[in-house]
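These notes concern the structure reproduced below.
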Amino acid sequence: MNIRPITAADNLAMANILRSSLEEFGLDKPGTAYFDESTDRLFESFQKERTAYFIAEENGEVLGGAGIYPSNGLPSDTVELVKMYMSASSRGKGIGKQLMLKCIEFAKSVGYQKIYLETMPELSSAVAAYEKLGFRSLTGPLGNTGHYSCTIWMLRELA
């Protein structure tokens, strides 16, 4: 298994993984990444400074991905962990954890102090994984991500 930066050739595979994951959990609804304009062009969205999107692949097959992005309205020292989705067959193998650790390492390397994320109760296994990596629950959202269907907000300090 290899973790590497996204390329334009990964856009379709990641859009399919993201949408099929949300469909699987009944979350293919407005206010989620399912309808984000950027979902079909992740590579292009992560060409800004201090952003990164990483792909997990094995034998040329895209297994999933996760990114770091300074979403609208976040404090300047805070970045969001975004669009972390894994194919159904690759979940539960620690690959998501490796992607998160790569994102945390990148966020630190470009000077962020905190990582924020938003998710939903239906994704309880992801919430447990976030907690194991030091994310703590918040009582409300930070910034303005447009994901109004997300009801779980978490933050991790990068000390």
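Labeling convention for the structure tokens: chains A, B, ... as they appear, residues from 1 per chain, ligands from 1 in order of appearance.
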
Where does range 59-158 of chain A meet range 19-33 of chain A within 9 Å, residue by residue, with the nearest atom pair and distance in Å to one decimal for each, counting only C-alpha atoms, listed by chain and rising number, as CSV?
```
residue,atom,partner,partner_atom,distance
A:Lys83,CA,A:Ala33,CA,7.2
A:Tyr85,CA,A:Ser21,CA,7.0
A:Met86,CA,A:Ser21,CA,7.4
A:Ser87,CA,A:Ser21,CA,7.0
A:Ala88,CA,A:Ser21,CA,7.1
A:Met120,CA,A:Leu27,CA,8.8
A:Glu122,CA,A:Phe25,CA,6.5
A:Leu123,CA,A:Phe25,CA,7.6
A:Gly146,CA,A:Gly31,CA,6.3
A:His147,CA,A:Gly31,CA,4.4
A:Tyr148,CA,A:Gly31,CA,4.8
A:Ser149,CA,A:Gly31,CA,4.8
A:Cys150,CA,A:Thr32,CA,7.1
```

Discussion item. Could you list, as a list in words, every residue within 8 Å of Glu80 in chain A, counting only C-alpha atoms and ignoring same-chain residues fewer than 5 positions away?
Written reply: Ile68, Tyr69, Pro70, Ser71, Ile115, Tyr116 and Leu117 of chain A

Worksheet item: By how many Å are CA of Ile95 in chain A and CA of Tyr53 in chain A apart?
Response: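 Taking CA of Ile95 in chain A and CA of Tyr53 in chain A, their separation equals 14.6 Å.
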
Practice prompt. Could you check how far CA of Ala8 in chain A sits from CA of Gly65 in chain A, in Å to one decimal?
Written response: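 CA of Gly65 in chain A lies 13.4 Å from CA of Ala8 in chain A.
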
Practice prompt. Can you work out which one of A:Leu99, A:Ala52, A:Met84, A:Met154 has the shortest atom-to-atom distance to Gly134 in chain A, counting only C-alpha atoms?
Written response: A:Met154

Discussion item. Set the distance at 6 Å and use only C-alpha atoms: which residues neighbour Ile55 in chain A once local chain neighbours fewer than 4 positions away are removed? I'd like the list as a ChimeraX atom specification.
Written reply: /A:3-6,64-65
